[in-house]
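J.: Following this message is one structure expressed as structure tokens.
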Amino acid sequence: MHDLVADIEELVRCESPSEDLAAVARSAEAVAALGTRLLGVAPERIVLDGWTHLRWRFGAAGASPRVLLLGHHDTVWPIGSLVTHPVGVHDGVLRGPGCFDMKAGVVMAFHAVAALPGAERTGITILVTGDEEIGSPSSRGLIESEARGCAAALVLEAAGPGGALKTERKGVSRYDVLVTGRAAHAGLEPERGVNATIEVAHQVHAVAALADPARGTTVTPTRLDAGTTINTVPAAAGFGVDVRVRDEAEQDRVHAALQALRPVLPGADVEVVGGPNRPPLTPSATQDLFDRAATIALGLGLDPLTALAVGGASDGNYTAGVGTPTLDGLGAVGGGAHADDEHVLVAELERRTRLLTALVTDLLR
């Protein structure tokens, strides 16, 4: 148990905000060093568009992959967060920026595989990416390629409340709605302008109306920008849109509706950029693996496993999207992801790691 905690603390102390490529590269070196020490073999370093990803493959060259363990080492926390959120354990709770989401999960993957004799690791791939928190722009193709043909993808994202595994995740689409108007002096001749702020207000209402709560579809206008100075009719405006859906039909419906947006004001123009980012992770992709894990947990004398559907996405959406059975939320038990109270329950680390080792062993048979 002490080794698990010390190893998590080691990774958390190497800050790794996703968009700081140098920080992500430093973090990758820390992850690589830890993984090499525990697994006895160095990873491949895969740099895509500046982001550093790590891959361990076990077995003879050309051997068919059977189980993918998937995690990420980037976080949402900016450099300097350790000053206000120091790493440490108090009363059985480990704290630190990124400990729960998801450096603990990366360490658990290493320890789970390290518990297997070398000959029993054949068919395992560990993939640790560096850009998950911003939608995996460089690693998506790598993740999908690694997942294809696998019997299972096990995602070491943090567990849900009470240790629940995540058996359903909504698909995600992201857009920017860009409005072009025409500038004019707001006092002398506002009638000569085309007010992009007014146009964007029309579009915000139209976009928000695309939500369908009965189907679990949320369509949320988010960031908003408009205008330049207080005495100028705005010539440009825009806003972001976050879409979350339970099924691909809804993802397609909302996408088509957004692409069909048209301006309301004469002389205005509307452009929509973006699209689906992650497909839904549906119960059909997870149920068999969850049932297997639940049986294993009981055999190990662990508490019965529970399942949870969540609105947030992960790289497990991508593995399920290529047809690979996927089970998510196998990482740390705790809470506060992305928040000041981010934490990991130390007592659960060893139990969850044993579960992961047993599940991998079962899948490799």
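Just so we're on the same page: first chain in the structure tokens is A, next is B, and so on; residues restart at 1 for each chain, and ligands are numbered from 1 in the order they show up.
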Need to verify the contact set: Leu165 (chain A), 10 Å, only C-alpha atoms, exclusion of same-chain residues closer than 4 positions in sequence. Can you return it as a PDB file with all heavy atoms, in the first residue's frame?
T.:
```pdb
ATOM      1  N   VAL A 155     -10.603   1.040 -18.714  1.00  0.00           N
ATOM      2  CA  VAL A 155     -10.252   2.454 -18.598  1.00  0.00           C
ATOM      3  C   VAL A 155     -10.066   2.789 -17.128  1.00  0.00           C
ATOM      4  O   VAL A 155     -10.973   2.575 -16.303  1.00  0.00           O
ATOM      5  CB  VAL A 155     -11.335   3.344 -19.230  1.00  0.00           C
ATOM      6  CG1 VAL A 155     -10.915   4.812 -19.193  1.00  0.00           C
ATOM      7  CG2 VAL A 155     -11.598   2.904 -20.680  1.00  0.00           C
ATOM      8  N   GLU A 157      -9.951   5.558 -15.575  1.00  0.00           N
ATOM      9  CA  GLU A 157     -10.517   6.796 -15.047  1.00  0.00           C
ATOM     10  C   GLU A 157     -11.062   6.535 -13.644  1.00  0.00           C
ATOM     11  O   GLU A 157     -11.370   5.396 -13.270  1.00  0.00           O
ATOM     12  CB  GLU A 157     -11.642   7.300 -15.947  1.00  0.00           C
ATOM     13  CG  GLU A 157     -11.178   7.868 -17.275  1.00  0.00           C
ATOM     14  CD  GLU A 157     -10.612   9.277 -17.168  1.00  0.00           C
ATOM     15  OE1 GLU A 157     -10.575   9.842 -16.046  1.00  0.00           O
ATOM     16  OE2 GLU A 157     -10.203   9.816 -18.216  1.00  0.00           O
ATOM     17  N   ALA A 158     -11.188   7.607 -12.868  1.00  0.00           N
ATOM     18  CA  ALA A 158     -11.654   7.489 -11.491  1.00  0.00           C
ATOM     19  C   ALA A 158     -13.061   6.891 -11.429  1.00  0.00           C
ATOM     20  O   ALA A 158     -13.874   7.057 -12.346  1.00  0.00           O
ATOM     21  CB  ALA A 158     -11.639   8.858 -10.824  1.00  0.00           C
ATOM     22  N   ALA A 159     -13.324   6.210 -10.328  1.00  0.00           N
ATOM     23  CA  ALA A 159     -14.636   5.604 -10.103  1.00  0.00           C
ATOM     24  C   ALA A 159     -15.674   6.670  -9.796  1.00  0.00           C
ATOM     25  O   ALA A 159     -15.358   7.817  -9.453  1.00  0.00           O
ATOM     26  CB  ALA A 159     -14.552   4.610  -8.944  1.00  0.00           C
ATOM     27  N   GLY A 160     -16.937   6.269  -9.906  1.00  0.00           N
ATOM     28  CA  GLY A 160     -18.024   7.132  -9.487  1.00  0.00           C
ATOM     29  C   GLY A 160     -18.217   7.080  -7.979  1.00  0.00           C
ATOM     30  O   GLY A 160     -17.478   6.388  -7.260  1.00  0.00           O
ATOM     31  N   PRO A 161     -19.206   7.805  -7.476  1.00  0.00           N
ATOM     32  CA  PRO A 161     -19.460   7.810  -6.032  1.00  0.00           C
ATOM     33  C   PRO A 161     -19.622   6.394  -5.486  1.00  0.00           C
ATOM     34  O   PRO A 161     -20.282   5.547  -6.087  1.00  0.00           O
ATOM     35  CB  PRO A 161     -20.770   8.609  -5.920  1.00  0.00           C
ATOM     36  CG  PRO A 161     -20.760   9.507  -7.114  1.00  0.00           C
ATOM     37  CD  PRO A 161     -20.114   8.700  -8.206  1.00  0.00           C
ATOM     38  N   THR A 286     -20.644  -2.356 -22.383  1.00  0.00           N
ATOM     39  CA  THR A 286     -20.057  -2.523 -21.056  1.00  0.00           C
ATOM     40  C   THR A 286     -20.647  -3.657 -20.229  1.00  0.00           C
ATOM     41  O   THR A 286     -20.009  -4.123 -19.283  1.00  0.00           O
ATOM     42  CB  THR A 286     -20.219  -1.224 -20.237  1.00  0.00           C
ATOM     43  OG1 THR A 286     -21.633  -0.966 -20.046  1.00  0.00           O
ATOM     44  CG2 THR A 286     -19.594  -0.037 -20.940  1.00  0.00           C
ATOM     45  N   PHE A 290     -18.893  -5.664 -17.135  1.00  0.00           N
ATOM     46  CA  PHE A 290     -19.314  -5.330 -15.770  1.00  0.00           C
ATOM     47  C   PHE A 290     -19.734  -6.593 -15.018  1.00  0.00           C
ATOM     48  O   PHE A 290     -19.358  -6.789 -13.853  1.00  0.00           O
ATOM     49  CB  PHE A 290     -20.465  -4.326 -15.772  1.00  0.00           C
ATOM     50  CG  PHE A 290     -20.986  -4.038 -14.386  1.00  0.00           C
ATOM     51  CD1 PHE A 290     -20.324  -3.155 -13.552  1.00  0.00           C
ATOM     52  CD2 PHE A 290     -22.117  -4.685 -13.906  1.00  0.00           C
ATOM     53  CE1 PHE A 290     -20.780  -2.917 -12.263  1.00  0.00           C
ATOM     54  CE2 PHE A 290     -22.577  -4.451 -12.619  1.00  0.00           C
ATOM     55  CZ  PHE A 290     -21.908  -3.558 -11.798  1.00  0.00           C
ATOM     56  N   ALA A 293     -16.639  -8.470 -14.024  1.00  0.00           N
ATOM     57  CA  ALA A 293     -15.940  -7.805 -12.932  1.00  0.00           C
ATOM     58  C   ALA A 293     -16.688  -7.979 -11.616  1.00  0.00           C
ATOM     59  O   ALA A 293     -16.077  -8.170 -10.556  1.00  0.00           O
ATOM     60  CB  ALA A 293     -15.757  -6.328 -13.247  1.00  0.00           C
ATOM     61  N   ALA A 294     -18.020  -7.909 -11.668  1.00  0.00           N
ATOM     62  CA  ALA A 294     -18.817  -8.070 -10.451  1.00  0.00           C
ATOM     63  C   ALA A 294     -18.634  -9.457  -9.853  1.00  0.00           C
ATOM     64  O   ALA A 294     -18.529  -9.618  -8.626  1.00  0.00           O
ATOM     65  CB  ALA A 294     -20.288  -7.807 -10.760  1.00  0.00           C
ATOM     66  N   LEU A 305     -20.028  -4.670  -6.650  1.00  0.00           N
ATOM     67  CA  LEU A 305     -19.815  -3.542  -7.544  1.00  0.00           C
ATOM     68  C   LEU A 305     -21.149  -2.911  -7.940  1.00  0.00           C
ATOM     69  O   LEU A 305     -22.165  -3.601  -8.071  1.00  0.00           O
ATOM     70  CB  LEU A 305     -19.077  -3.987  -8.805  1.00  0.00           C
ATOM     71  CG  LEU A 305     -17.630  -4.450  -8.628  1.00  0.00           C
ATOM     72  CD1 LEU A 305     -17.041  -4.853  -9.975  1.00  0.00           C
ATOM     73  CD2 LEU A 305     -16.782  -3.361  -7.986  1.00  0.00           C
ATOM     74  N   THR A 306     -21.123  -1.613  -8.139  1.00  0.00           N
ATOM     75  CA  THR A 306     -22.287  -0.894  -8.642  1.00  0.00           C
ATOM     76  C   THR A 306     -21.922  -0.214  -9.952  1.00  0.00           C
ATOM     77  O   THR A 306     -20.743  -0.023 -10.267  1.00  0.00           O
ATOM     78  CB  THR A 306     -22.774   0.145  -7.629  1.00  0.00           C
ATOM     79  OG1 THR A 306     -21.695   1.059  -7.337  1.00  0.00           O
ATOM     80  CG2 THR A 306     -23.233  -0.509  -6.344  1.00  0.00           C
ATOM     81  N   ALA A 307     -22.952   0.147 -10.716  1.00  0.00           N
ATOM     82  CA  ALA A 307     -22.750   0.764 -12.023  1.00  0.00           C
ATOM     83  C   ALA A 307     -23.367   2.156 -12.036  1.00  0.00           C
ATOM     84  O   ALA A 307     -24.306   2.450 -11.288  1.00  0.00           O
ATOM     85  CB  ALA A 307     -23.368  -0.089 -13.120  1.00  0.00           C
ATOM     86  N   LEU A 308     -22.853   3.000 -12.928  1.00  0.00           N
ATOM     87  CA  LEU A 308     -23.278   4.391 -12.966  1.00  0.00           C
ATOM     88  C   LEU A 308     -23.230   4.906 -14.397  1.00  0.00           C
ATOM     89  O   LEU A 308     -22.294   4.605 -15.153  1.00  0.00           O
ATOM     90  CB  LEU A 308     -22.351   5.236 -12.079  1.00  0.00           C
ATOM     91  CG  LEU A 308     -22.608   6.733 -11.993  1.00  0.00           C
ATOM     92  CD1 LEU A 308     -23.904   6.997 -11.214  1.00  0.00           C
ATOM     93  CD2 LEU A 308     -21.443   7.431 -11.298  1.00  0.00           C
ATOM     94  N   ALA A 309     -24.237   5.672 -14.778  1.00  0.00           N
ATOM     95  CA  ALA A 309     -24.224   6.408 -16.047  1.00  0.00           C
ATOM     96  C   ALA A 309     -23.849   7.849 -15.748  1.00  0.00           C
ATOM     97  O   ALA A 309     -24.370   8.457 -14.808  1.00  0.00           O
ATOM     98  CB  ALA A 309     -25.598   6.354 -16.716  1.00  0.00           C
ATOM     99  N   LEU A 327     -14.921  -1.151 -20.256  1.00  0.00           N
ATOM    100  CA  LEU A 327     -15.372  -0.922 -18.886  1.00  0.00           C
ATOM    101  C   LEU A 327     -14.578   0.244 -18.324  1.00  0.00           C
ATOM    102  O   LEU A 327     -13.344   0.249 -18.375  1.00  0.00           O
ATOM    103  CB  LEU A 327     -15.179  -2.163 -18.030  1.00  0.00           C
ATOM    104  CG  LEU A 327     -15.806  -2.150 -16.628  1.00  0.00           C
ATOM    105  CD1 LEU A 327     -17.310  -1.897 -16.703  1.00  0.00           C
ATOM    106  CD2 LEU A 327     -15.527  -3.455 -15.904  1.00  0.00           C
ATOM    107  N   ASP A 328     -15.276   1.230 -17.795  1.00  0.00           N
ATOM    108  CA  ASP A 328     -14.661   2.486 -17.368  1.00  0.00           C
ATOM    109  C   ASP A 328     -14.842   2.667 -15.865  1.00  0.00           C
ATOM    110  O   ASP A 328     -15.651   1.998 -15.236  1.00  0.00           O
ATOM    111  CB  ASP A 328     -15.330   3.639 -18.126  1.00  0.00           C
ATOM    112  CG  ASP A 328     -14.466   4.881 -18.240  1.00  0.00           C
ATOM    113  OD1 ASP A 328     -13.536   5.043 -17.429  1.00  0.00           O
ATOM    114  OD2 ASP A 328     -14.724   5.696 -19.136  1.00  0.00           O
ATOM    115  N   GLY A 329     -14.054   3.582 -15.307  1.00  0.00           N
ATOM    116  CA  GLY A 329     -14.165   3.876 -13.880  1.00  0.00           C
ATOM    117  C   GLY A 329     -13.477   2.871 -12.989  1.00  0.00           C
ATOM    118  O   GLY A 329     -13.808   2.759 -11.801  1.00  0.00           O
ATOM    119  N   LEU A 330     -12.469   2.169 -13.526  1.00  0.00           N
ATOM    120  CA  LEU A 330     -11.761   1.154 -12.749  1.00  0.00           C
ATOM    121  C   LEU A 330     -10.650   1.731 -11.891  1.00  0.00           C
ATOM    122  O   LEU A 330      -9.943   0.992 -11.205  1.00  0.00           O
ATOM    123  CB  LEU A 330     -11.182   0.096 -13.684  1.00  0.00           C
ATOM    124  CG  LEU A 330     -12.201  -0.901 -14.253  1.00  0.00           C
ATOM    125  CD1 LEU A 330     -11.668  -1.556 -15.524  1.00  0.00           C
ATOM    126  CD2 LEU A 330     -12.553  -1.955 -13.219  1.00  0.00           C
ATOM    127  N   GLY A 331     -10.482   3.037 -11.924  1.00  0.00           N
ATOM    128  CA  GLY A 331      -9.404   3.677 -11.188  1.00  0.00           C
ATOM    129  C   GLY A 331      -9.749   3.965  -9.742  1.00  0.00           C
ATOM    130  O   GLY A 331     -10.498   3.231  -9.081  1.00  0.00           O
ATOM    131  N   VAL A 333     -10.944   5.395  -6.084  1.00  0.00           N
ATOM    132  CA  VAL A 333     -12.180   5.784  -5.408  1.00  0.00           C
ATOM    133  C   VAL A 333     -11.878   7.049  -4.622  1.00  0.00           C
ATOM    134  O   VAL A 333     -10.889   7.121  -3.889  1.00  0.00           O
ATOM    135  CB  VAL A 333     -12.676   4.667  -4.475  1.00  0.00           C
ATOM    136  CG1 VAL A 333     -13.957   5.096  -3.756  1.00  0.00           C
ATOM    137  CG2 VAL A 333     -12.900   3.380  -5.265  1.00  0.00           C
TER     138      VAL A 333
END
```
J.: Excluding Ile134 (chain A) and its own-chain neighbours fewer than 4 positions away, which residues fall within 10 Å of it when counting only C-alpha atoms? Please give them as a PyMOL selection string.
T.: chain A and resi 17-19+74-76+130+138
J.: With only C-alpha atoms as the basis for distance, which of A:Asp315, A:Asp7, A:Asp341, A:Asp225 is at the shortest distance from Gly240 (chain A)?
T.: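 Between A:Asp315, A:Asp7, A:Asp341, A:Asp225, the residue approaching Gly240 (chain A) most closely is A:Asp225.
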J.: In region 75-148 of chain A, what's helix (DSSP H, G or I) per DSSP? Answer as a ChimeraX atom specification?
T.: /A:81-84,99-114,118-121,132-134,140-147
J.: Write out as a JSON list (two decimals) with C-alpha atoms, in the first residue's frame the residues lying within 9 Å of region 98-112 of chain A, counting only C-alpha atoms and excluding same-chain residues fewer than 4 positions away.
T.:
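part.json written:
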```
[["chain", "number", "residue", "atom", "x", "y", "z"],
["A", 4, "LEU", "CA", 1.07, 2.70, -4.31],
["A", 5, "VAL", "CA", 0.68, 5.94, -2.39],
["A", 7, "ASP", "CA", 4.13, 6.29, -6.57],
["A", 8, "ILE", "CA", 0.96, 8.35, -6.97],
["A", 9, "GLU", "CA", 2.54, 11.21, -5.06],
["A", 11, "LEU", "CA", 3.45, 11.51, -10.46],
["A", 12, "VAL", "CA", 1.23, 14.19, -8.91],
["A", 15, "GLU", "CA", 2.52, 18.95, -12.92],
["A", 16, "SER", "CA", 1.08, 18.33, -16.37],
["A", 31, "VAL", "CA", 5.46, 8.20, -15.91],
["A", 34, "LEU", "CA", 7.91, 4.77, -12.86],
["A", 35, "GLY", "CA", 6.45, 2.29, -15.34],
["A", 38, "LEU", "CA", 7.62, -1.43, -11.90],
["A", 39, "LEU", "CA", 7.26, -3.36, -15.16],
["A", 69, "LEU", "CA", -5.40, -0.72, -20.16],
["A", 70, "LEU", "CA", -6.04, 2.93, -20.91],
["A", 71, "GLY", "CA", -5.21, 6.07, -18.93],
["A", 72, "HIS", "CA", -3.89, 9.61, -19.25],
["A", 73, "HIS", "CA", -1.24, 11.61, -17.43],
["A", 74, "ASP", "CA", -2.35, 15.15, -18.30],
["A", 75, "THR", "CA", -4.49, 17.18, -15.90],
["A", 76, "VAL", "CA", -6.60, 20.35, -15.86],
["A", 77, "TRP", "CA", -4.43, 21.94, -13.15],
["A", 87, "VAL", "CA", 0.44, 16.56, -2.17],
["A", 94, "LEU", "CA", -4.59, 11.43, -0.44],
["A", 116, "LEU", "CA", 1.52, -10.78, -13.01],
["A", 126, "ILE", "CA", -0.89, -0.19, -21.48],
["A", 128, "VAL", "CA", -1.07, 6.40, -21.25],
["A", 155, "VAL", "CA", -10.25, 2.45, -18.60],
["A", 156, "LEU", "CA", -8.52, 3.60, -15.41],
["A", 157, "GLU", "CA", -10.52, 6.80, -15.05],
["A", 158, "ALA", "CA", -11.65, 7.49, -11.49],
["A", 159, "ALA", "CA", -14.64, 5.60, -10.10],
["A", 330, "LEU", "CA", -11.76, 1.15, -12.75],
["A", 331, "GLY", "CA", -9.40, 3.68, -11.19],
["A", 332, "ALA", "CA", -9.29, 5.38, -7.82],
["A", 333, "VAL", "CA", -12.18, 5.78, -5.41],
["A", 334, "GLY", "CA", -12.50, 9.32, -4.09],
["A", 335, "GLY", "CA", -13.96, 12.53, -5.45],
["A", 336, "GLY", "CA", -13.53, 16.17, -6.36],
["A", 337, "ALA", "CA", -12.22, 15.76, -9.90],
["A", 338, "HIS", "CA", -11.04, 19.15, -11.24],
["A", 342, "GLU", "CA", -9.83, 16.44, -5.33],
["A", 343, "HIS", "CA", -8.90, 13.36, -3.31],
["A", 344, "VAL", "CA", -8.33, 9.60, -3.27],
["A", 349, "LEU", "CA", -6.32, 1.59, -3.65],
["A", 350, "GLU", "CA", -5.11, -1.93, -2.89],
["A", 352, "ARG", "CA", -9.22, -1.88, -6.61],
["A", 353, "THR", "CA", -5.79, -2.85, -7.87],
["A", 354, "ARG", "CA", -6.37, -6.47, -6.91],
["A", 355, "LEU", "CA", -9.67, -6.37, -8.78],
["A", 356, "LEU", "CA", -7.92, -5.02, -11.87],
["A", 357, "THR", "CA", -5.24, -7.72, -11.77],
["A", 358, "ALA", "CA", -7.85, -10.45, -11.44],
["A", 360, "VAL", "CA", -7.03, -8.80, -16.61]]
```
J.: Determine which residues of region 251-284 of chain A receive a DSSP assignment of strand (DSSP E or B), computed from the backbone, and state them as a list of chain:residue names.
T.: A:Asp269, A:Val270, A:Glu271, A:Val272, A:Val273, A:Gly274, A:Gly275, A:Pro276, A:Asn277, A:Arg278, A:Leu281
J.: Would you pick out the contacts of Cys14 (chain A) at 10 Å or less, using only C-alpha atoms, so that residues sharing its chain but fewer than 4 positions from it are not included, and give the list as a list in words?
T.: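 The neighbour list is Glu9, Glu10, Ala23, Val24, Arg26, Ser27, Ala28, Glu29, Ala30, Val31, His73, Ile79, Leu82, Pro97 and Gly98 of chain A.
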J.: For the interface of region 272-362 of chain A with region 200-216 of chain A (cut-off 12 Å, counting only C-alpha atoms), please tabulate each contacting residue of region 272-362 of chain A alongside its nearest pair of atoms and their separation in Å to one decimal, rows sorted by chain and increasing number, as CSV.
T.:
```
residue,atom,partner,partner_atom,distance
A:Val272,CA,A:Gln203,CA,10.8
A:Pro280,CA,A:Gly216,CA,11.9
A:Ala309,CA,A:Gly216,CA,11.1
A:Val310,CA,A:Gly216,CA,10.7
A:Gly311,CA,A:Gly216,CA,9.1
```
J.: Let's have the selection written as a short mmCIF file (atom, residue, chain, number, x, y, z; two decimals), in the first residue's frame, with C-alpha atoms.
T.:
```cif
data_model
loop_
_atom_site.label_atom_id
_atom_site.label_comp_id
_atom_site.auth_asym_id
_atom_site.auth_seq_id
_atom_site.Cartn_x
_atom_site.Cartn_y
_atom_site.Cartn_z
CA VAL A 272 -21.05 26.84 -37.42
CA PRO A 280 -21.54 7.58 -26.72
CA ALA A 309 -24.22 6.41 -16.05
CA VAL A 310 -22.45 9.78 -16.29
CA GLY A 311 -22.60 12.81 -18.56
#
```
J.: Would you mind listing what lies within 10 Å of region 248-262 of chain A as number ranges by chain, with only C-alpha atoms counted and same-chain residues fewer than 5 positions away left out?
T.: A: 170-177, 203, 206-207, 210-212, 215-219, 241, 243, 268-276, 278-282
J.: Using only C-alpha atoms, determine which residues lie at most 6 Å from Val93 (chain A), disregarding the query and same-chain residues fewer than 3 positions distant; provide the list as JSON, numbers by chain.
T.: {"A": [89, 90, 344, 345, 346]}
J.: Would you please work out which residue, of A:Gly181, A:Pro190, A:Gly227, A:Gly135, is nearest to Asn277 (chain A) when using only C-alpha atoms?
T.: A:Gly135
J.: May I have the residues within 9 Å of Gly267 (chain A) as a list in words, using only C-alpha atoms and disregarding those fewer than 5 positions away in the same chain?
T.: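 Within the cut-off, the hits are Thr180, Gly181, Arg182 and Val194 of chain A.
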J.: Would you mind reading off the distance between CA of Arg169 (chain A) and CA of Ala313 (chain A), one decimal, in Å?
T.: 5.6 Å
J.: Ranking A:Val264, A:Ala184, A:Ala347, A:Leu154 by minimum distance to Leu289 (chain A) and counting only C-alpha atoms, which one comes first?
T.: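 The closest residue to Leu289 (chain A) is A:Leu154.
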